[in-house]
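To be precise, the following lines are query_4.cif, and they hold mmCIF, C-alpha atoms.
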data_run
loop_
_atom_site.label_atom_id
_atom_site.label_comp_id
_atom_site.auth_asym_id
_atom_site.auth_seq_id
_atom_site.Cartn_x
_atom_site.Cartn_y
_atom_site.Cartn_z
CA LYS A 1 180.00 32.71 189.07
CA SER A 2 179.56 29.13 190.22
CA LYS A 3 176.19 27.55 190.82
CA LYS A 4 176.67 27.71 194.61
CA GLU A 5 177.37 31.46 194.51
CA GLU A 6 174.30 32.08 192.33
CA GLU A 7 172.12 30.11 194.75
CA GLU A 8 173.50 31.98 197.78
CA THR A 9 173.09 35.47 196.13
CA PRO A 10 169.60 36.81 196.89
CA ALA A 11 167.52 37.84 193.86
CA GLU A 12 166.75 41.54 193.40
CA PRO A 13 163.10 42.40 193.98
CA LYS A 14 161.15 43.46 190.88
CA LYS A 15 160.20 47.15 190.66
CA SER A 16 156.57 48.08 190.52
CA LEU A 17 155.04 50.10 187.68
CA ALA A 18 154.86 53.22 189.89
CA GLU A 19 158.54 52.91 190.77
CA GLU A 20 159.52 52.52 187.11
CA SER A 21 157.56 55.61 186.06
CA ALA A 22 158.93 57.73 188.90
CA PRO A 23 161.07 60.67 187.67
CA VAL A 24 164.78 60.22 187.77
CA PRO A 25 166.43 62.74 190.08
CA GLN A 26 168.08 65.49 188.03
CA PRO A 27 171.13 67.58 188.84
CA LYS A 28 170.63 70.66 190.95
CA ALA A 29 171.06 73.07 188.02
CA VAL A 30 168.33 71.33 186.02
CA ALA A 31 166.01 71.04 189.00
CA GLU A 32 166.17 74.74 189.74
CA MET A 33 165.21 75.64 186.12
CA SER A 34 161.54 76.58 185.91
CA VAL A 35 159.27 78.08 183.27
CA GLU A 36 159.72 81.56 184.72
CA ASN A 37 163.49 81.33 184.34
CA LEU A 38 163.39 80.38 180.65
CA SER A 39 164.42 83.04 178.16
CA PRO A 40 162.47 83.68 174.92
CA ASP A 41 165.33 82.16 172.90
CA GLN A 42 165.16 78.95 174.92
CA VAL A 43 161.40 78.71 174.49
CA LEU A 44 161.67 79.25 170.74
CA ALA A 45 164.47 76.69 170.46
CA ALA A 46 162.41 74.13 172.39
CA ALA A 47 159.32 74.79 170.25
CA LYS A 48 161.33 74.39 167.04
CA ALA A 49 162.83 71.13 168.30
CA ILE A 50 159.39 69.73 169.19
CA LEU A 51 157.91 70.81 165.84
CA SER A 52 160.74 69.12 163.93
CA LYS A 53 160.21 65.83 165.80
CA ASP A 54 156.40 65.88 166.04
CA ALA A 55 154.85 64.22 162.99
CA SER A 56 151.30 65.21 163.91
CA SER A 57 149.88 68.74 163.94
CA ASP A 58 148.56 68.63 167.51
CA PHE A 59 151.42 70.60 169.02
CA SER A 60 151.31 73.24 166.29
CA LYS A 61 147.57 73.68 166.81
CA GLU A 62 148.01 74.10 170.56
CA LEU A 63 150.86 76.52 169.91
CA SER A 64 148.74 78.63 167.58
CA ARG A 65 146.01 78.95 170.23
CA ILE A 66 148.30 80.77 172.65
CA VAL A 67 149.42 83.34 170.05
CA GLU A 68 147.67 86.63 170.72
CA ARG A 69 146.75 89.21 168.12
CA LYS A 70 148.82 92.37 168.40
CA LYS A 71 146.46 95.16 167.48
CA LEU A 72 147.63 98.50 166.18
CA PRO A 73 147.30 101.71 168.19
CA GLN A 74 144.33 103.97 167.59
CA ARG A 75 146.56 106.60 166.00
CA ARG A 76 149.10 105.07 163.64
CA ASN A 77 151.55 106.04 160.96
CA GLY A 78 151.82 104.76 157.41
CA PHE A 79 151.76 105.98 153.84
CA THR A 80 149.40 106.16 150.87
CA GLN A 81 150.71 105.26 147.42
CA LYS A 82 148.78 106.07 144.25
CA ALA A 83 149.65 104.23 141.08
CA SER A 84 148.18 102.97 137.82
CA VAL A 85 148.37 99.28 136.88
CA GLY A 86 147.48 98.66 133.25
CA GLY A 87 145.41 101.85 133.18
CA GLN A 88 143.62 100.96 136.45
CA THR A 89 144.12 103.48 139.26
CA ILE A 90 144.86 101.92 142.65
CA PHE A 91 145.52 103.37 146.11
CA VAL A 92 147.50 101.31 148.65
CA ARG A 93 147.39 102.50 152.27
CA THR A 94 149.41 101.02 155.13
CA GLY A 95 149.25 101.12 158.92
CA GLU A 96 152.37 100.72 161.06
CA TYR A 97 153.21 99.85 164.66
CA ALA A 98 155.16 102.22 166.86
CA ASP A 99 158.42 100.56 165.77
CA GLY A 100 157.62 101.05 162.08
CA ALA A 101 156.64 97.44 161.35
CA LEU A 102 153.79 96.82 158.93
CA GLY A 103 150.48 95.96 160.62
CA GLU A 104 147.71 96.45 158.07
CA ILE A 105 146.98 97.37 154.46
CA PHE A 106 144.05 98.92 152.63
CA VAL A 107 143.41 98.66 148.89
CA ASP A 108 141.15 101.09 147.05
CA ILE A 109 140.47 100.62 143.35
CA HIS A 110 139.07 103.29 141.05
CA LYS A 111 136.33 102.60 138.47
CA GLU A 112 135.75 98.95 139.31
CA GLY A 113 132.64 96.98 140.09
CA ALA A 114 131.42 96.35 143.62
CA SER A 115 132.31 92.65 143.46
CA PHE A 116 135.98 93.15 142.57
CA ARG A 117 136.40 95.96 145.09
CA SER A 118 134.80 93.85 147.83
CA ILE A 119 137.09 90.91 147.04
CA MET A 120 140.18 93.13 147.24
CA ASN A 121 138.89 94.64 150.49
CA CYS A 122 138.41 91.19 152.05
CA PHE A 123 141.86 90.17 150.78
CA ALA A 124 143.43 93.22 152.45
CA ILE A 125 141.63 92.43 155.74
CA ALA A 126 142.85 88.81 155.66
CA VAL A 127 146.45 89.91 155.06
CA SER A 128 146.19 92.51 157.85
CA ILE A 129 144.92 89.96 160.39
CA GLY A 130 147.73 87.59 159.43
CA LEU A 131 150.32 90.33 159.93
CA GLN A 132 148.87 91.15 163.37
CA TYR A 133 149.09 87.47 164.36
CA GLY A 134 152.75 87.37 163.46
CA VAL A 135 152.83 86.03 159.90
CA PRO A 136 156.07 87.34 158.35
CA LEU A 137 155.70 89.74 155.46
CA GLU A 138 158.33 87.71 153.59
CA GLU A 139 155.88 84.78 153.41
CA TYR A 140 153.23 86.95 151.76
CA VAL A 141 155.74 88.42 149.33
CA ASP A 142 157.09 85.04 148.24
CA LYS A 143 153.56 83.68 147.84
CA PHE A 144 151.84 86.50 145.92
CA VAL A 145 154.58 88.09 143.80
CA PHE A 146 154.27 87.15 140.08
CA THR A 147 150.56 86.35 140.46
CA ARG A 148 149.10 86.85 137.00
CA PHE A 149 145.62 88.18 136.13
CA GLU A 150 144.09 91.31 134.66
CA PRO A 151 144.54 94.23 135.02
CA SER A 152 148.27 94.02 134.43
CA GLY A 153 150.95 95.77 132.44
CA VAL A 154 152.67 99.12 132.76
CA VAL A 155 152.74 100.65 136.25
CA ASP A 156 152.91 104.37 136.98
CA HIS A 157 155.43 104.18 139.84
CA PRO A 158 158.94 105.61 140.22
CA ASN A 159 160.51 102.18 140.85
CA ILE A 160 157.94 99.57 139.77
CA LYS A 161 157.42 99.90 136.03
CA ALA A 162 155.50 96.69 135.25
CA SER A 163 153.50 94.08 137.13
CA THR A 164 151.55 90.95 136.29
CA SER A 165 148.52 91.87 138.42
CA ILE A 166 147.31 94.24 141.12
CA VAL A 167 148.27 91.73 143.83
CA ASP A 168 151.73 91.43 142.29
CA TYR A 169 152.12 95.22 142.40
CA ILE A 170 150.93 95.47 146.03
CA PHE A 171 153.51 93.03 147.36
CA ARG A 172 156.29 94.41 145.19
CA LEU A 173 155.54 97.78 146.79
CA LEU A 174 155.44 96.36 150.33
CA ALA A 175 158.65 94.40 149.75
CA LEU A 176 160.39 97.55 148.57
CA GLU A 177 159.16 99.79 151.38
CA TYR A 178 159.38 97.43 154.38
CA LEU A 179 161.88 94.73 153.37
CA GLY A 180 164.24 96.69 151.17
CA ARG A 181 163.80 94.17 148.33
CA THR A 182 165.26 95.96 145.33
CA ASP A 183 165.36 92.72 143.32
CA LEU A 184 161.60 92.92 142.72
CA VAL A 185 161.58 96.41 141.17
CA GLN A 186 162.68 97.51 137.72
CA VAL A 187 164.34 100.75 138.85
CA PRO A 188 166.17 100.34 142.19
CA PRO A 189 166.03 103.50 144.33
CA LYS A 190 169.21 105.38 145.07
CA LEU A 191 170.75 105.18 148.53
CA GLU A 192 170.17 108.86 149.22
CA GLU A 193 167.11 109.47 147.14
CA LYS A 194 165.55 112.82 147.93
CA ARG A 195 162.73 114.78 146.46
CA PRO A 196 163.98 117.28 143.92
CA ALA A 197 163.98 120.77 145.36
CA MET A 198 162.13 123.51 143.53
CA GLU A 199 164.72 125.72 141.90
CA PRO A 200 163.97 129.43 141.94
CA GLU A 201 163.02 130.90 138.62
CA THR A 202 165.96 132.42 136.83
CA GLN A 203 165.49 136.14 136.41
CA LEU A 204 166.51 137.42 132.99
CA SER A 205 166.79 140.97 131.96
CA PHE A 206 164.62 142.38 129.22
CA ALA A 207 167.58 142.57 126.84
CA SER A 208 168.65 138.94 127.40
CA ARG A 209 165.07 137.72 126.91
CA ALA A 210 164.86 139.67 123.68
CA GLU A 211 168.09 138.09 122.45
CA ILE A 212 166.76 134.60 123.20
CA VAL A 213 163.55 135.29 121.34
CA GLN A 214 165.31 136.84 118.35
CA GLN A 215 167.88 134.06 117.92
CA PRO A 216 166.75 131.76 115.12
CA GLN A 217 166.85 128.03 115.74
CA PRO A 218 168.80 126.01 113.16
CA VAL A 219 166.66 123.54 111.26
CA SER A 220 168.29 120.61 109.52
CA SER A 221 167.27 119.80 105.98
CA HIS A 222 166.72 116.16 107.00
CA THR A 223 164.33 117.08 109.80
CA LYS A 224 160.72 116.35 108.96
CA MET A 225 158.18 118.67 110.47
CA GLU A 226 155.17 116.66 111.58
CA PRO A 227 152.26 118.90 112.51
CA VAL A 228 150.29 117.78 115.51
CA SER A 229 146.61 118.18 114.86
CA SER A 230 143.95 118.70 117.46
CA SER A 231 142.46 115.30 116.61
CA ASN A 232 145.69 113.53 117.64
CA GLU A 233 145.67 115.34 120.97
CA TYR A 234 142.04 114.36 121.44
CA LEU A 235 142.79 110.69 120.63
CA SER A 236 145.73 110.60 123.04
CA ASN A 237 143.37 111.58 125.85
CA MET A 238 140.57 109.23 124.80
CA MET A 239 142.58 106.03 124.22
CA GLY A 240 143.35 105.33 127.87
CA ASP A 241 141.04 102.33 128.33
CA ALA A 242 139.71 101.92 124.80
CA PRO A 243 139.85 98.42 123.22
CA PRO A 244 141.25 97.82 119.73
CA CYS A 245 138.90 97.50 116.77
CA ASP A 246 137.95 93.91 115.95
CA GLN A 247 137.99 94.69 112.21
CA CYS A 248 141.22 96.61 111.56
CA GLY A 249 142.99 96.60 114.92
CA HIS A 250 143.05 100.41 115.25
CA ILE A 251 142.53 101.87 118.72
CA THR A 252 138.95 103.01 119.18
CA ILE A 253 137.58 106.05 121.00
CA ARG A 254 134.61 106.53 123.26
CA ASN A 255 131.28 107.13 121.50
CA GLY A 256 128.76 107.61 124.27
CA THR A 257 128.62 104.30 126.12
CA CYS A 258 130.30 102.45 123.23
CA TYR A 259 133.52 102.67 121.24
CA LYS A 260 133.98 103.78 117.65
CA CYS A 261 136.86 103.21 115.26
CA LEU A 262 137.88 106.30 113.28
CA ASN A 263 139.91 104.20 110.84
CA CYS A 264 137.18 101.95 109.40
CA GLY A 265 134.04 103.34 111.05
CA ASN A 266 133.26 100.15 112.96
CA SER A 267 131.32 100.48 116.23
CA LEU A 268 131.76 98.22 119.24
CA GLY A 269 128.65 97.52 121.23
CA CYS A 270 126.29 99.88 119.38
CA SER A 271 124.72 99.91 115.97
#
The structure in this file should be written as structure tokens.
Amino acid sequence: KSKKEEEETPAEPKKSLAEESAPVPQPKAVAEMSVENLSPDQVLAAAKAILSKDASSDFSKELSRIVERKKLPQRRNGFTQKASVGGQTIFVRTGEYADGALGEIFVDIHKEGASFRSIMNCFAIAVSIGLQYGVPLEEYVDKFVFTRFEPSGVVDHPNIKASTSIVDYIFRLLALEYLGRTDLVQVPPKLEEKRPAMEPETQLSFASRAEIVQQPQPVSSHTKMEPVSSSNEYLSNMMGDAPPCDQCGHITIRNGTCYKCLNCGNSLGCS
């Protein structure tokens, strides 16, 4: 433009701060959208987008305040699993929602001090509250599996044969029962695993029983007959939680409140 045209053209008035901050009119489809019309998927997508862009934790804190605890019904289903972890008996009890989702756990330990049992009880309560507030079970499993502390070792369970701790066993069990995680167990369950039915006792005639009794069993010349004494049977029952001898390494047996080694005669804890 020439200088004359610029002088003749009137200047546009400056917008005030209120006019600049005024909302821009939106299309009709966007204007009609309200909070009531939003679907749960849209709300979740918006929350995820805000969390990914928000560097501070203010939005996540405000979001956590509106999450309500979903309590379990007064009468609930679940299961109780008894097992032995490194010789320590443990009972794991679960509580489920009406749809079968896990909502709480209880842990009972046999022959342990009050401190350890109280700690495990508080741990079970904390996990249960987290589950009722919506914490995914997968997060607990990934966090606590392979936790290592005593007692640990061999596990008396059909599918879980070893664990590194009681907490490791608990979440291996929950992952198997509620998540179908067969990668965390030593013996994966079969697809159609059923309890074995009790077969009726086979009825034999008196003559057939007599033939079975009278038939001699062949004994190979290379077979060594090892007599089992009553002392071995007694030791097998007494060596469940007995420590090894500090002198010879032999497994000790209970001797009152102490332990005694039958190999070298050493006594642990008593004179």
Practice task
Please tell me which residues are no farther than 8 Å from (143.3, 97.9, 142.5) in the file, counting only C-alpha atoms, and write them as a ChimeraX atom specification.
Solution key: /A:85,88-91,107-110,117,120,166
Prev. selection, C-alpha atoms, output as a CSV table (one decimal), in the frame of the given file:
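Produced file again.csv, reproduced below:
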chain,number,residue,atom,x,y,z
A,85,VAL,CA,148.4,99.3,136.9
A,88,GLN,CA,143.6,101.0,136.4
A,89,THR,CA,144.1,103.5,139.3
A,90,ILE,CA,144.9,101.9,142.6
A,91,PHE,CA,145.5,103.4,146.1
A,107,VAL,CA,143.4,98.7,148.9
A,108,ASP,CA,141.2,101.1,147.0
A,109,ILE,CA,140.5,100.6,143.4
A,110,HIS,CA,139.1,103.3,141.0
A,117,ARG,CA,136.4,96.0,145.1
A,120,MET,CA,140.2,93.1,147.2
A,166,ILE,CA,147.3,94.2,141.1
Near Asp168 of chain A, within 9 Å and counting all atoms listed in the file, which residues show up once chain neighbours fewer than 3 positions away are dropped, as a CSV table (one decimal) with C-alpha atoms, in the coordinates of the input?
chain,number,residue,atom,x,y,z
A,141,VAL,CA,155.7,88.4,149.3
A,144,PHE,CA,151.8,86.5,145.9
A,145,VAL,CA,154.6,88.1,143.8
A,146,PHE,CA,154.3,87.2,140.1
A,147,THR,CA,150.6,86.4,140.5
A,148,ARG,CA,149.1,86.8,137.0
A,152,SER,CA,148.3,94.0,134.4
A,163,SER,CA,153.5,94.1,137.1
A,164,THR,CA,151.6,91.0,136.3
A,165,SER,CA,148.5,91.9,138.4
A,171,PHE,CA,153.5,93.0,147.4
A,172,ARG,CA,156.3,94.4,145.2
A,173,LEU,CA,155.5,97.8,146.8
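With distances restricted to all atoms listed in the file, A:Gly103 is the closest residue to Lys70 of chain A from A:Gly103, A:Asp156, A:Tyr169, A:Arg181.
Closest approach to Val67 of chain A among A:Ala124, A:Val135, A:Cys264, A:Cys245 is made by A:Val135 (distances from only C-alpha atoms).
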Handout entry: Atom-to-atom span, atom CA of Leu137 of chain A and atom CA of Lys53 of chain A, Å
Key =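 Separation between atom CA of Leu137 of chain A and atom CA of Lys53 of chain A: 26.4 Å.
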Problem - Two-atom distance - atom CA of Leu72 of chain A, atom CA of Ala126 of chain A (Å) - result: 15.1 Å
Exercise for the section: Could you check which of A:Glu96, A:Glu62, A:Asp54, A:Glu112 is closest to Glu177 of chain A, using all atoms listed in the file? Expected result: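 So, comparing all the options, the nearest one is A:Glu96.
Non-sequential neighbours of Asp99 of chain A (distance at most 12 Å, separation of 3 or more positions within a chain, only C-alpha atoms) are Leu72, Pro73, Arg76, Asn77, Gly78, Gly95, Glu96, Leu102, Gly103 and Tyr178 of chain A.
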Exercise for the section: Would you work out the distance separating atom CA of Tyr133 of chain A from atom CA of Ile66 of chain A, expressed in Å to one decimal? Expected result: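 Interatomic distance here is 10.7 Å.
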Practice task
Write out as number ranges by chain which residues come within 12 Å of Leu176 of chain A when counting all atoms listed in the file, dropping same-chain ones fewer than 6 positions away.
Solution key: A: 137-138, 141, 158-160, 169-170, 182-189
Complete segment 95-106 of chain A at the level of all heavy atoms, written as a CSV table (one decimal), in the coordinates of the input.
chain,number,residue,atom,x,y,z
A,95,GLY,N,149.2,100.7,157.5
A,95,GLY,CA,149.2,101.1,158.9
A,95,GLY,C,150.4,100.5,159.6
A,95,GLY,O,150.7,99.3,159.4
A,96,GLU,N,151.1,101.2,160.5
A,96,GLU,CA,152.4,100.7,161.1
A,96,GLU,C,152.3,100.7,162.6
A,96,GLU,O,151.5,101.5,163.2
A,96,GLU,CB,153.5,101.6,160.6
A,96,GLU,CG,153.8,101.6,159.1
A,96,GLU,CD,154.9,102.6,158.8
A,96,GLU,OE1,155.4,103.3,159.7
A,96,GLU,OE2,155.2,102.7,157.6
A,97,TYR,N,153.1,99.8,163.2
A,97,TYR,CA,153.2,99.8,164.7
A,97,TYR,C,154.1,101.0,165.1
A,97,TYR,O,154.7,101.7,164.2
A,97,TYR,CB,153.8,98.5,165.1
A,97,TYR,CG,152.8,97.4,165.0
A,97,TYR,CD1,152.9,96.4,164.0
A,97,TYR,CD2,151.8,97.2,165.9
A,97,TYR,CE1,152.1,95.4,163.9
A,97,TYR,CE2,150.9,96.1,165.8
A,97,TYR,CZ,151.1,95.2,164.8
A,97,TYR,OH,150.2,94.2,164.7
A,98,ALA,N,154.3,101.1,166.4
A,98,ALA,CA,155.2,102.2,166.9
A,98,ALA,C,156.6,102.1,166.4
A,98,ALA,O,157.3,103.0,166.3
A,98,ALA,CB,155.1,102.3,168.4
A,99,ASP,N,157.0,100.8,166.2
A,99,ASP,CA,158.4,100.6,165.8
A,99,ASP,C,158.6,100.6,164.3
A,99,ASP,O,159.7,100.3,163.8
A,99,ASP,CB,158.9,99.2,166.3
A,99,ASP,CG,158.0,98.1,165.8
A,99,ASP,OD1,157.0,98.3,165.2
A,99,ASP,OD2,158.4,96.9,166.1
A,100,GLY,N,157.5,100.9,163.5
A,100,GLY,CA,157.6,101.0,162.1
A,100,GLY,C,157.3,99.8,161.3
A,100,GLY,O,157.4,99.8,160.1
A,101,ALA,N,157.0,98.7,162.0
A,101,ALA,CA,156.6,97.4,161.4
A,101,ALA,C,155.3,97.5,160.7
A,101,ALA,O,154.4,98.2,161.3
A,101,ALA,CB,156.7,96.3,162.3
A,102,LEU,N,155.1,96.8,159.6
A,102,LEU,CA,153.8,96.8,158.9
A,102,LEU,C,152.8,96.0,159.7
A,102,LEU,O,153.0,94.9,160.2
A,102,LEU,CB,154.0,96.2,157.5
A,102,LEU,CG,152.7,96.2,156.7
A,102,LEU,CD1,152.2,97.6,156.4
A,102,LEU,CD2,153.0,95.4,155.4
A,103,GLY,N,151.5,96.6,159.9
A,103,GLY,CA,150.5,96.0,160.6
A,103,GLY,C,149.2,95.8,159.9
A,103,GLY,O,148.4,94.9,160.2
A,104,GLU,N,149.0,96.6,158.8
A,104,GLU,CA,147.7,96.4,158.1
A,104,GLU,C,147.9,97.1,156.7
A,104,GLU,O,148.8,98.0,156.5
A,104,GLU,CB,146.5,97.1,158.8
A,104,GLU,CG,146.7,98.6,159.0
A,104,GLU,CD,145.5,99.2,159.8
A,104,GLU,OE1,144.6,98.4,160.1
A,104,GLU,OE2,145.5,100.4,160.0
A,105,ILE,N,147.0,96.7,155.8
A,105,ILE,CA,147.0,97.4,154.5
A,105,ILE,C,145.5,97.6,154.1
A,105,ILE,O,144.6,96.9,154.5
A,105,ILE,CB,147.7,96.5,153.4
A,105,ILE,CG1,147.0,95.2,153.2
A,105,ILE,CG2,149.2,96.3,153.7
A,105,ILE,CD1,147.5,94.3,152.0
A,106,PHE,N,145.3,98.6,153.2
A,106,PHE,CA,144.0,98.9,152.6
A,106,PHE,C,144.3,99.1,151.1
A,106,PHE,O,145.3,99.7,150.7
A,106,PHE,CB,143.4,100.2,153.2
A,106,PHE,CG,143.2,100.1,154.7
A,106,PHE,CD1,144.1,100.6,155.6
A,106,PHE,CD2,142.0,99.6,155.1
A,106,PHE,CE1,143.9,100.5,157.0
A,106,PHE,CE2,141.7,99.6,156.5
A,106,PHE,CZ,142.6,100.0,157.4
